[in-house]
Amino acid sequence: MKQNFTVRQGALDGVEAFLSIAQHRSFRRAAAELGVTPSAISQTVRVLEARIGAALFVRTTRSVGLTEAGERFLSRAKPAFAELVAASEVARELGQRPAGLLRLAVPSAVVPIVLQPLIASFCRAYPEVVVEIAASAELVDLAAEGFDAGIRLGQFIAADMVAVRLTPPFPLEVVCSPDYLRGRSRPERIDDLRDHACLRMRRSNGAIASWPFVDGKKAVEAIVSGPLIAQDYPTLLGAAIQGVGLAQVPGPFAAAPIADGRLQALLTPFAVTTPGVFLYHSGRHQVLPKLRAFIDHVRYQSADAAGEGKVARRSRESDRAK
């Protein structure tokens with residue numbers, strides 16, 4: 001039979017008063033220590049004794065002593081109360097300064113591109129915070145799984161979450177290797193994908209994702225087929241580099257292999273723009289200093305990067321004007 005271990009409401013009321021009286025052997029000195037009147041502390045103890053069902057003190061006009069029940073209660077309540085006080089202090093410290101374990105649920109693909117540059121500088125700035133990164137493609141329940149925050153593409157974040165932008169919006173690029181196109185016609189229209197091997201993504205809910213495009217002002221969802229289905233973008237990107245087929249991946253993930261010639265971008269006039277990558281959490285009223293520090297660090301780094309971009313653009317414009 002299952003037992004009920006729930007602490008009864010009010011069960012801890014009066015314990016601090018009891019411990020203070022037991023220490024001082026005086027109601028008056030205990031009242032002075034707790035900042036209440038002697039009559040108030042006497043009433044508190046009477047309520048505690050009534051709730052327990054036993055007298056805890058022997059009281060005379062000259063002295064205060066403990067009954068046998070009081071001695072037994074003291075032996076168990078004193079260390080337990082000390083642990084509660086210590087627990088409160090630990091929790092209070094976490095509520096006052098950035099410290100403790102910061103758990104982030106993150107897709108593995110965004111770690112090297114988005115998160116890695118932030119983590120190094122954050123760990124240097126806040127040495128009392130331990131950052132744990134749980135890399136997973138699953139859309140986890142932050143509260144249920146014990147995470148402080150998550151990082152996801154904007155379109156996959158629930159509406160009741162508070163989101164902090166990590167990247168600007170970017171396109172979903174269709175890419176392939178030069179080797180793949182040898183002997184094949186280059187796709188120029190969305191319908192041309194029917195004649196190509198397309199590498200597909202299986203979502204965490206089990207569905208295989210279609211490829212979204214925009215044709216003028218019209219949104220188009222292309223149902224594609226091909227030899228590979230994966231659950232993460234790095235796998236699709238690697239297969240595309242190896243010439244297995246075409247992949248549709250977020251622009252920042254494909255930027256380096258496009259720049260060095262390992263991949264080519266296709267169907268760029270039809271590329272759909274995604275909201276970008278965001279850090280998200282459950283609400284402003286539940287943000288501990290460790291998470292607030294990380295959010296502020298993210299915003300500072302993003303603003304700094306944006307500033308560097310503006311300086312670089314101004315420099316290029318100045319060079320062209322000369």
# chains A, B, ... in the order shown; residues from 1 in each chain; ligands from 1
call {"tool": "select_by_dssp", "arguments": {"residues": "segment 11-235 of chain A", "states": "strand (DSSP E or B)", "output": "MDAnalysis selection string"}}
result
chainID A and resid 57:59 64:66 100:106 129:135 149:153 162:165 170:176 198:202 208 211:215 218:222 229:230
call {"tool": "residues_around", "arguments": {"residues": "segment 271-278 of chain A", "least_positions_apart": "3", "cutoff": "7 Å", "atoms": "only C-alpha atoms", "output": "number ranges by chain"}}
result
A: 151-155, 163-173, 212-214, 267-268
call {"tool": "write_last_selection", "arguments": {"atoms": "N, CA, C and O atoms", "output": "PDB file, in the first residue's frame"}}
result
ATOM      1  N   ILE A 151      17.994  26.419 -27.147  1.00  0.00           N
ATOM      2  CA  ILE A 151      18.334  27.155 -28.360  1.00  0.00           C
ATOM      3  C   ILE A 151      17.720  26.406 -29.527  1.00  0.00           C
ATOM      4  O   ILE A 151      17.894  25.194 -29.666  1.00  0.00           O
ATOM      5  N   ARG A 152      16.978  27.113 -30.361  1.00  0.00           N
ATOM      6  CA  ARG A 152      16.285  26.492 -31.489  1.00  0.00           C
ATOM      7  C   ARG A 152      16.102  27.509 -32.619  1.00  0.00           C
ATOM      8  O   ARG A 152      16.206  28.725 -32.394  1.00  0.00           O
ATOM      9  N   LEU A 153      15.811  26.982 -33.807  1.00  0.00           N
ATOM     10  CA  LEU A 153      15.343  27.853 -34.885  1.00  0.00           C
ATOM     11  C   LEU A 153      14.016  28.476 -34.454  1.00  0.00           C
ATOM     12  O   LEU A 153      13.193  27.817 -33.811  1.00  0.00           O
ATOM     13  N   GLY A 154      13.819  29.726 -34.802  1.00  0.00           N
ATOM     14  CA  GLY A 154      12.668  30.478 -34.319  1.00  0.00           C
ATOM     15  C   GLY A 154      11.326  29.844 -34.597  1.00  0.00           C
ATOM     16  O   GLY A 154      10.416  29.919 -33.776  1.00  0.00           O
ATOM     17  N   GLN A 155      11.186  29.159 -35.740  1.00  0.00           N
ATOM     18  CA  GLN A 155       9.888  28.603 -36.095  1.00  0.00           C
ATOM     19  C   GLN A 155       9.493  27.411 -35.240  1.00  0.00           C
ATOM     20  O   GLN A 155       8.340  26.973 -35.272  1.00  0.00           O
ATOM     21  N   ALA A 163      11.825  34.607 -26.068  1.00  0.00           N
ATOM     22  CA  ALA A 163      12.909  34.316 -27.009  1.00  0.00           C
ATOM     23  C   ALA A 163      13.887  35.484 -27.102  1.00  0.00           C
ATOM     24  O   ALA A 163      13.487  36.650 -27.082  1.00  0.00           O
ATOM     25  N   VAL A 164      15.172  35.144 -27.183  1.00  0.00           N
ATOM     26  CA  VAL A 164      16.249  36.129 -27.337  1.00  0.00           C
ATOM     27  C   VAL A 164      17.004  35.794 -28.619  1.00  0.00           C
ATOM     28  O   VAL A 164      17.519  34.675 -28.767  1.00  0.00           O
ATOM     29  N   ARG A 165      17.080  36.724 -29.543  1.00  0.00           N
ATOM     30  CA  ARG A 165      17.700  36.454 -30.844  1.00  0.00           C
ATOM     31  C   ARG A 165      19.206  36.213 -30.713  1.00  0.00           C
ATOM     32  O   ARG A 165      19.920  36.962 -30.042  1.00  0.00           O
ATOM     33  N   LEU A 166      19.685  35.155 -31.371  1.00  0.00           N
ATOM     34  CA  LEU A 166      21.113  34.865 -31.436  1.00  0.00           C
ATOM     35  C   LEU A 166      21.709  35.173 -32.803  1.00  0.00           C
ATOM     36  O   LEU A 166      22.895  35.481 -32.912  1.00  0.00           O
ATOM     37  N   THR A 167      20.911  35.044 -33.848  1.00  0.00           N
ATOM     38  CA  THR A 167      21.391  35.323 -35.202  1.00  0.00           C
ATOM     39  C   THR A 167      20.346  36.146 -35.944  1.00  0.00           C
ATOM     40  O   THR A 167      19.169  36.129 -35.578  1.00  0.00           O
ATOM     41  N   PRO A 168      20.737  36.843 -36.996  1.00  0.00           N
ATOM     42  CA  PRO A 168      19.730  37.485 -37.852  1.00  0.00           C
ATOM     43  C   PRO A 168      18.987  36.423 -38.643  1.00  0.00           C
ATOM     44  O   PRO A 168      19.393  35.256 -38.687  1.00  0.00           O
ATOM     45  N   PRO A 169      17.869  36.781 -39.278  1.00  0.00           N
ATOM     46  CA  PRO A 169      17.196  35.827 -40.168  1.00  0.00           C
ATOM     47  C   PRO A 169      18.146  35.357 -41.272  1.00  0.00           C
ATOM     48  O   PRO A 169      19.054  36.090 -41.678  1.00  0.00           O
ATOM     49  N   PHE A 170      17.954  34.135 -41.738  1.00  0.00           N
ATOM     50  CA  PHE A 170      18.813  33.617 -42.806  1.00  0.00           C
ATOM     51  C   PHE A 170      18.008  32.673 -43.692  1.00  0.00           C
ATOM     52  O   PHE A 170      16.969  32.147 -43.285  1.00  0.00           O
ATOM     53  N   PRO A 171      18.474  32.454 -44.926  1.00  0.00           N
ATOM     54  CA  PRO A 171      17.739  31.597 -45.853  1.00  0.00           C
ATOM     55  C   PRO A 171      18.012  30.120 -45.597  1.00  0.00           C
ATOM     56  O   PRO A 171      19.037  29.749 -45.021  1.00  0.00           O
ATOM     57  N   LEU A 172      17.083  29.277 -46.041  1.00  0.00           N
ATOM     58  CA  LEU A 172      17.332  27.846 -46.160  1.00  0.00           C
ATOM     59  C   LEU A 172      17.895  27.612 -47.552  1.00  0.00           C
ATOM     60  O   LEU A 172      17.234  27.886 -48.553  1.00  0.00           O
ATOM     61  N   GLU A 173      19.134  27.144 -47.615  1.00  0.00           N
ATOM     62  CA  GLU A 173      19.827  26.986 -48.888  1.00  0.00           C
ATOM     63  C   GLU A 173      19.728  25.551 -49.389  1.00  0.00           C
ATOM     64  O   GLU A 173      19.901  24.601 -48.627  1.00  0.00           O
ATOM     65  N   PRO A 212      10.529  23.796 -47.866  1.00  0.00           N
ATOM     66  CA  PRO A 212       9.775  25.033 -48.099  1.00  0.00           C
ATOM     67  C   PRO A 212      10.511  25.971 -49.063  1.00  0.00           C
ATOM     68  O   PRO A 212      11.737  26.086 -49.026  1.00  0.00           O
ATOM     69  N   PHE A 213       9.730  26.628 -49.905  1.00  0.00           N
ATOM     70  CA  PHE A 213      10.264  27.632 -50.823  1.00  0.00           C
ATOM     71  C   PHE A 213       9.274  28.791 -50.899  1.00  0.00           C
ATOM     72  O   PHE A 213       8.153  28.717 -50.377  1.00  0.00           O
ATOM     73  N   VAL A 214       9.705  29.845 -51.577  1.00  0.00           N
ATOM     74  CA  VAL A 214       8.796  30.938 -51.887  1.00  0.00           C
ATOM     75  C   VAL A 214       8.926  31.236 -53.375  1.00  0.00           C
ATOM     76  O   VAL A 214      10.038  31.396 -53.896  1.00  0.00           O
ATOM     77  N   LEU A 267      18.866  27.141 -56.639  1.00  0.00           N
ATOM     78  CA  LEU A 267      17.499  27.657 -56.466  1.00  0.00           C
ATOM     79  C   LEU A 267      17.440  28.861 -55.516  1.00  0.00           C
ATOM     80  O   LEU A 267      16.457  29.046 -54.797  1.00  0.00           O
ATOM     81  N   THR A 268      18.470  29.675 -55.530  1.00  0.00           N
ATOM     82  CA  THR A 268      18.506  30.808 -54.601  1.00  0.00           C
ATOM     83  C   THR A 268      17.349  31.803 -54.766  1.00  0.00           C
ATOM     84  O   THR A 268      16.920  32.403 -53.781  1.00  0.00           O
TER      85      THR A 268
END
call {"tool": "closest_residue", "arguments": {"among": "A:Asp148, A:Phe270, A:Ala254, A:Ala265", "to": "Ile190 of chain A", "atoms": "only C-alpha atoms"}}
result
A:Phe270
call {"tool": "closest_residue", "arguments": {"among": "A:Ala50, A:Leu101, A:Asp215, A:Ala239", "to": "Gly146 of chain A", "atoms": "only C-alpha atoms"}}
result
A:Leu101
call {"tool": "atom_distance", "arguments": {"atom1": "atom CA of Thr37 of chain A", "atom2": "atom CA of Ala55 of chain A"}}
result
21.0 Å
call {"tool": "closest_residue", "arguments": {"among": "A:Leu236, A:Val162, A:Cys176, A:Leu102", "to": "Pro289 of chain A", "atoms": "only C-alpha atoms"}}
result
A:Leu102
call {"tool": "closest_residue", "arguments": {"among": "A:Ile52, A:Leu181, A:Val298, A:Ala22", "to": "Gly243 of chain A", "atoms": "only C-alpha atoms"}}
result
A:Leu181
call {"tool": "closest_residue", "arguments": {"among": "A:Ala207, A:His24, A:Arg97, A:Ala31", "to": "Val64 of chain A", "atoms": "only C-alpha atoms"}}
result
A:His24
call {"tool": "closest_residue", "arguments": {"among": "A:Ile295, A:Ala255, A:Met201, A:Val15", "to": "Tyr233 of chain A", "atoms": "only C-alpha atoms"}}
result
A:Met201
call {"tool": "atom_distance", "arguments": {"atom1": "atom CA of Ala209 of chain A", "atom2": "atom CA of Pro250 of chain A"}}
result
13.8 Å
call {"tool": "residues_around", "arguments": {"residues": "Lys290 of chain A", "least_positions_apart": "4", "cutoff": "10 Å", "atoms": "only C-alpha atoms", "output": "PDB file with N, CA and C atoms, in the first residue's frame"}}
result
ATOM      1  N   LEU A  94      22.162  31.720  -5.119  1.00  0.00           N
ATOM      2  CA  LEU A  94      21.899  31.569  -6.548  1.00  0.00           C
ATOM      3  C   LEU A  94      20.952  32.654  -7.054  1.00  0.00           C
ATOM      4  N   GLY A  95      20.143  33.192  -6.156  1.00  0.00           N
ATOM      5  CA  GLY A  95      19.223  34.248  -6.548  1.00  0.00           C
ATOM      6  C   GLY A  95      19.843  35.628  -6.520  1.00  0.00           C
ATOM      7  N   GLN A  96      21.090  35.733  -6.014  1.00  0.00           N
ATOM      8  CA  GLN A  96      21.716  37.042  -5.855  1.00  0.00           C
ATOM      9  C   GLN A  96      22.882  37.284  -6.802  1.00  0.00           C
ATOM     10  N   ARG A  97      23.532  36.211  -7.295  1.00  0.00           N
ATOM     11  CA  ARG A  97      24.677  36.407  -8.178  1.00  0.00           C
ATOM     12  C   ARG A  97      24.759  35.245  -9.175  1.00  0.00           C
ATOM     13  N   PRO A  98      25.407  35.452 -10.320  1.00  0.00           N
ATOM     14  CA  PRO A  98      25.530  34.370 -11.301  1.00  0.00           C
ATOM     15  C   PRO A  98      26.410  33.236 -10.775  1.00  0.00           C
ATOM     16  N   ALA A  99      25.799  32.109 -10.486  1.00  0.00           N
ATOM     17  CA  ALA A  99      26.533  30.955  -9.965  1.00  0.00           C
ATOM     18  C   ALA A  99      25.671  29.717 -10.165  1.00  0.00           C
ATOM     19  N   GLY A 100      26.302  28.552 -10.098  1.00  0.00           N
ATOM     20  CA  GLY A 100      25.571  27.298 -10.191  1.00  0.00           C
ATOM     21  C   GLY A 100      25.643  26.681 -11.579  1.00  0.00           C
ATOM     22  N   LEU A 101      24.763  25.713 -11.822  1.00  0.00           N
ATOM     23  CA  LEU A 101      24.743  24.951 -13.078  1.00  0.00           C
ATOM     24  C   LEU A 101      23.725  25.550 -14.046  1.00  0.00           C
ATOM     25  N   LEU A 102      24.184  25.945 -15.218  1.00  0.00           N
ATOM     26  CA  LEU A 102      23.313  26.481 -16.274  1.00  0.00           C
ATOM     27  C   LEU A 102      23.160  25.407 -17.338  1.00  0.00           C
ATOM     28  N   TYR A 126      32.220  34.568 -16.230  1.00  0.00           N
ATOM     29  CA  TYR A 126      31.451  34.097 -15.070  1.00  0.00           C
ATOM     30  C   TYR A 126      31.983  32.736 -14.612  1.00  0.00           C
ATOM     31  N   GLU A 128      31.968  31.254 -11.841  1.00  0.00           N
ATOM     32  CA  GLU A 128      31.171  30.507 -10.868  1.00  0.00           C
ATOM     33  C   GLU A 128      29.987  29.784 -11.500  1.00  0.00           C
ATOM     34  N   VAL A 129      29.776  29.990 -12.793  1.00  0.00           N
ATOM     35  CA  VAL A 129      28.694  29.307 -13.507  1.00  0.00           C
ATOM     36  C   VAL A 129      29.278  28.129 -14.287  1.00  0.00           C
ATOM     37  N   VAL A 130      28.701  26.959 -14.090  1.00  0.00           N
ATOM     38  CA  VAL A 130      29.073  25.768 -14.863  1.00  0.00           C
ATOM     39  C   VAL A 130      28.025  25.592 -15.967  1.00  0.00           C
ATOM     40  N   VAL A 131      28.467  25.588 -17.211  1.00  0.00           N
ATOM     41  CA  VAL A 131      27.555  25.460 -18.351  1.00  0.00           C
ATOM     42  C   VAL A 131      27.497  24.001 -18.799  1.00  0.00           C
ATOM     43  N   ASP A 148      17.491  25.265 -17.961  1.00  0.00           N
ATOM     44  CA  ASP A 148      17.286  26.692 -17.737  1.00  0.00           C
ATOM     45  C   ASP A 148      16.826  27.384 -19.013  1.00  0.00           C
ATOM     46  N   PHE A 294      23.783  35.106 -18.768  1.00  0.00           N
ATOM     47  CA  PHE A 294      24.010  34.510 -20.088  1.00  0.00           C
ATOM     48  C   PHE A 294      23.231  35.279 -21.155  1.00  0.00           C
ATOM     49  N   ILE A 295      21.986  35.645 -20.847  1.00  0.00           N
ATOM     50  CA  ILE A 295      21.178  36.409 -21.802  1.00  0.00           C
ATOM     51  C   ILE A 295      21.841  37.755 -22.099  1.00  0.00           C
TER      52      ILE A 295
END
call {"tool": "residues_around", "arguments": {"residues": "segment 115-118 of chain A", "least_positions_apart": "3", "cutoff": "12 Å", "atoms": "only C-alpha atoms", "output": "count of residues only"}}
result
37
call {"tool": "decode", "arguments": {"residues": "segment 170-184 of chain A", "atoms": "all heavy atoms", "output": "PDB file, in the first residue's frame"}}
result
ATOM      1  N   PHE A 170      17.954  34.135 -41.738  1.00  0.00           N
ATOM      2  CA  PHE A 170      18.813  33.617 -42.806  1.00  0.00           C
ATOM      3  C   PHE A 170      18.008  32.673 -43.692  1.00  0.00           C
ATOM      4  O   PHE A 170      16.969  32.147 -43.285  1.00  0.00           O
ATOM      5  CB  PHE A 170      20.041  32.895 -42.241  1.00  0.00           C
ATOM      6  CG  PHE A 170      19.735  31.870 -41.191  1.00  0.00           C
ATOM      7  CD1 PHE A 170      19.137  30.649 -41.514  1.00  0.00           C
ATOM      8  CD2 PHE A 170      20.058  32.108 -39.868  1.00  0.00           C
ATOM      9  CE1 PHE A 170      18.866  29.715 -40.541  1.00  0.00           C
ATOM     10  CE2 PHE A 170      19.787  31.166 -38.889  1.00  0.00           C
ATOM     11  CZ  PHE A 170      19.182  29.963 -39.229  1.00  0.00           C
ATOM     12  N   PRO A 171      18.474  32.454 -44.926  1.00  0.00           N
ATOM     13  CA  PRO A 171      17.739  31.597 -45.853  1.00  0.00           C
ATOM     14  C   PRO A 171      18.012  30.120 -45.597  1.00  0.00           C
ATOM     15  O   PRO A 171      19.037  29.749 -45.021  1.00  0.00           O
ATOM     16  CB  PRO A 171      18.289  32.013 -47.210  1.00  0.00           C
ATOM     17  CG  PRO A 171      19.698  32.435 -46.917  1.00  0.00           C
ATOM     18  CD  PRO A 171      19.652  33.084 -45.557  1.00  0.00           C
ATOM     19  N   LEU A 172      17.083  29.277 -46.041  1.00  0.00           N
ATOM     20  CA  LEU A 172      17.332  27.846 -46.160  1.00  0.00           C
ATOM     21  C   LEU A 172      17.895  27.612 -47.552  1.00  0.00           C
ATOM     22  O   LEU A 172      17.234  27.886 -48.553  1.00  0.00           O
ATOM     23  CB  LEU A 172      16.039  27.051 -45.964  1.00  0.00           C
ATOM     24  CG  LEU A 172      15.516  26.922 -44.537  1.00  0.00           C
ATOM     25  CD1 LEU A 172      14.203  26.148 -44.529  1.00  0.00           C
ATOM     26  CD2 LEU A 172      16.537  26.224 -43.644  1.00  0.00           C
ATOM     27  N   GLU A 173      19.134  27.144 -47.615  1.00  0.00           N
ATOM     28  CA  GLU A 173      19.827  26.986 -48.888  1.00  0.00           C
ATOM     29  C   GLU A 173      19.728  25.551 -49.389  1.00  0.00           C
ATOM     30  O   GLU A 173      19.901  24.601 -48.627  1.00  0.00           O
ATOM     31  CB  GLU A 173      21.316  27.331 -48.709  1.00  0.00           C
ATOM     32  CG  GLU A 173      21.585  28.743 -48.224  1.00  0.00           C
ATOM     33  CD  GLU A 173      21.720  29.728 -49.364  1.00  0.00           C
ATOM     34  OE1 GLU A 173      21.337  29.373 -50.488  1.00  0.00           O
ATOM     35  OE2 GLU A 173      22.216  30.834 -49.116  1.00  0.00           O
ATOM     36  N   VAL A 174      19.445  25.389 -50.680  1.00  0.00           N
ATOM     37  CA  VAL A 174      19.590  24.088 -51.329  1.00  0.00           C
ATOM     38  C   VAL A 174      21.009  24.025 -51.876  1.00  0.00           C
ATOM     39  O   VAL A 174      21.440  24.912 -52.623  1.00  0.00           O
ATOM     40  CB  VAL A 174      18.571  23.902 -52.467  1.00  0.00           C
ATOM     41  CG1 VAL A 174      18.825  22.582 -53.190  1.00  0.00           C
ATOM     42  CG2 VAL A 174      17.151  23.938 -51.904  1.00  0.00           C
ATOM     43  N   VAL A 175      21.740  22.980 -51.492  1.00  0.00           N
ATOM     44  CA  VAL A 175      23.150  22.879 -51.869  1.00  0.00           C
ATOM     45  C   VAL A 175      23.459  21.483 -52.389  1.00  0.00           C
ATOM     46  O   VAL A 175      22.760  20.509 -52.088  1.00  0.00           O
ATOM     47  CB  VAL A 175      24.067  23.186 -50.658  1.00  0.00           C
ATOM     48  CG1 VAL A 175      23.905  24.634 -50.209  1.00  0.00           C
ATOM     49  CG2 VAL A 175      23.777  22.231 -49.497  1.00  0.00           C
ATOM     50  N   CYS A 176      24.528  21.404 -53.169  1.00  0.00           N
ATOM     51  CA  CYS A 176      25.053  20.111 -53.609  1.00  0.00           C
ATOM     52  C   CYS A 176      26.519  20.292 -53.970  1.00  0.00           C
ATOM     53  O   CYS A 176      27.002  21.419 -54.128  1.00  0.00           O
ATOM     54  CB  CYS A 176      24.273  19.560 -54.797  1.00  0.00           C
ATOM     55  SG  CYS A 176      24.571  20.439 -56.339  1.00  0.00           S
ATOM     56  N   SER A 177      27.221  19.200 -54.109  1.00  0.00           N
ATOM     57  CA  SER A 177      28.637  19.268 -54.473  1.00  0.00           C
ATOM     58  C   SER A 177      28.789  19.390 -55.982  1.00  0.00           C
ATOM     59  O   SER A 177      27.905  18.957 -56.752  1.00  0.00           O
ATOM     60  CB  SER A 177      29.363  18.017 -53.993  1.00  0.00           C
ATOM     61  OG  SER A 177      28.991  16.895 -54.781  1.00  0.00           O
ATOM     62  N   PRO A 178      29.901  19.963 -56.459  1.00  0.00           N
ATOM     63  CA  PRO A 178      30.146  20.010 -57.909  1.00  0.00           C
ATOM     64  C   PRO A 178      30.167  18.613 -58.533  1.00  0.00           C
ATOM     65  O   PRO A 178      29.723  18.440 -59.677  1.00  0.00           O
ATOM     66  CB  PRO A 178      31.519  20.687 -58.004  1.00  0.00           C
ATOM     67  CG  PRO A 178      31.616  21.512 -56.756  1.00  0.00           C
ATOM     68  CD  PRO A 178      30.919  20.696 -55.696  1.00  0.00           C
ATOM     69  N   ASP A 179      30.655  17.627 -57.771  1.00  0.00           N
ATOM     70  CA  ASP A 179      30.695  16.259 -58.304  1.00  0.00           C
ATOM     71  C   ASP A 179      29.295  15.736 -58.602  1.00  0.00           C
ATOM     72  O   ASP A 179      29.096  15.012 -59.590  1.00  0.00           O
ATOM     73  CB  ASP A 179      31.394  15.315 -57.314  1.00  0.00           C
ATOM     74  CG  ASP A 179      32.896  15.545 -57.259  1.00  0.00           C
ATOM     75  OD1 ASP A 179      33.424  16.144 -58.215  1.00  0.00           O
ATOM     76  OD2 ASP A 179      33.522  15.131 -56.265  1.00  0.00           O
ATOM     77  N   TYR A 180      28.328  16.073 -57.738  1.00  0.00           N
ATOM     78  CA  TYR A 180      26.967  15.582 -57.957  1.00  0.00           C
ATOM     79  C   TYR A 180      26.401  16.097 -59.281  1.00  0.00           C
ATOM     80  O   TYR A 180      25.678  15.374 -59.989  1.00  0.00           O
ATOM     81  CB  TYR A 180      26.055  16.002 -56.798  1.00  0.00           C
ATOM     82  CG  TYR A 180      24.595  15.678 -57.050  1.00  0.00           C
ATOM     83  CD1 TYR A 180      24.097  14.407 -56.776  1.00  0.00           C
ATOM     84  CD2 TYR A 180      23.733  16.622 -57.604  1.00  0.00           C
ATOM     85  CE1 TYR A 180      22.766  14.093 -57.052  1.00  0.00           C
ATOM     86  CE2 TYR A 180      22.412  16.325 -57.864  1.00  0.00           C
ATOM     87  CZ  TYR A 180      21.936  15.058 -57.594  1.00  0.00           C
ATOM     88  OH  TYR A 180      20.626  14.743 -57.874  1.00  0.00           O
ATOM     89  N   LEU A 181      26.714  17.331 -59.628  1.00  0.00           N
ATOM     90  CA  LEU A 181      26.124  17.932 -60.826  1.00  0.00           C
ATOM     91  C   LEU A 181      26.779  17.456 -62.127  1.00  0.00           C
ATOM     92  O   LEU A 181      26.225  17.702 -63.206  1.00  0.00           O
ATOM     93  CB  LEU A 181      26.221  19.458 -60.744  1.00  0.00           C
ATOM     94  CG  LEU A 181      25.201  20.150 -59.826  1.00  0.00           C
ATOM     95  CD1 LEU A 181      25.429  21.650 -59.840  1.00  0.00           C
ATOM     96  CD2 LEU A 181      23.776  19.807 -60.230  1.00  0.00           C
ATOM     97  N   ARG A 182      27.932  16.822 -62.025  1.00  0.00           N
ATOM     98  CA  ARG A 182      28.576  16.344 -63.249  1.00  0.00           C
ATOM     99  C   ARG A 182      27.688  15.281 -63.913  1.00  0.00           C
ATOM    100  O   ARG A 182      27.356  14.270 -63.319  1.00  0.00           O
ATOM    101  CB  ARG A 182      29.950  15.764 -62.945  1.00  0.00           C
ATOM    102  CG  ARG A 182      30.968  16.830 -62.568  1.00  0.00           C
ATOM    103  CD  ARG A 182      32.388  16.279 -62.563  1.00  0.00           C
ATOM    104  NE  ARG A 182      33.333  17.334 -62.192  1.00  0.00           N
ATOM    105  CZ  ARG A 182      33.814  17.506 -60.967  1.00  0.00           C
ATOM    106  NH1 ARG A 182      33.452  16.659 -60.011  1.00  0.00           N
ATOM    107  NH2 ARG A 182      34.644  18.477 -60.713  1.00  0.00           N
ATOM    108  N   GLY A 183      27.303  15.530 -65.144  1.00  0.00           N
ATOM    109  CA  GLY A 183      26.449  14.601 -65.862  1.00  0.00           C
ATOM    110  C   GLY A 183      24.973  14.777 -65.571  1.00  0.00           C
ATOM    111  O   GLY A 183      24.139  14.001 -66.054  1.00  0.00           O
ATOM    112  N   ARG A 184      24.614  15.774 -64.736  1.00  0.00           N
ATOM    113  CA  ARG A 184      23.210  16.035 -64.416  1.00  0.00           C
ATOM    114  C   ARG A 184      22.868  17.487 -64.768  1.00  0.00           C
ATOM    115  O   ARG A 184      23.725  18.370 -64.719  1.00  0.00           O
ATOM    116  CB  ARG A 184      22.923  15.798 -62.928  1.00  0.00           C
ATOM    117  CG  ARG A 184      23.066  14.355 -62.470  1.00  0.00           C
ATOM    118  CD  ARG A 184      22.684  14.250 -60.997  1.00  0.00           C
ATOM    119  NE  ARG A 184      22.711  12.880 -60.509  1.00  0.00           N
ATOM    120  CZ  ARG A 184      23.757  12.305 -59.955  1.00  0.00           C
ATOM    121  NH1 ARG A 184      24.893  12.988 -59.816  1.00  0.00           N
ATOM    122  NH2 ARG A 184      23.689  11.051 -59.525  1.00  0.00           N
TER     123      ARG A 184
END
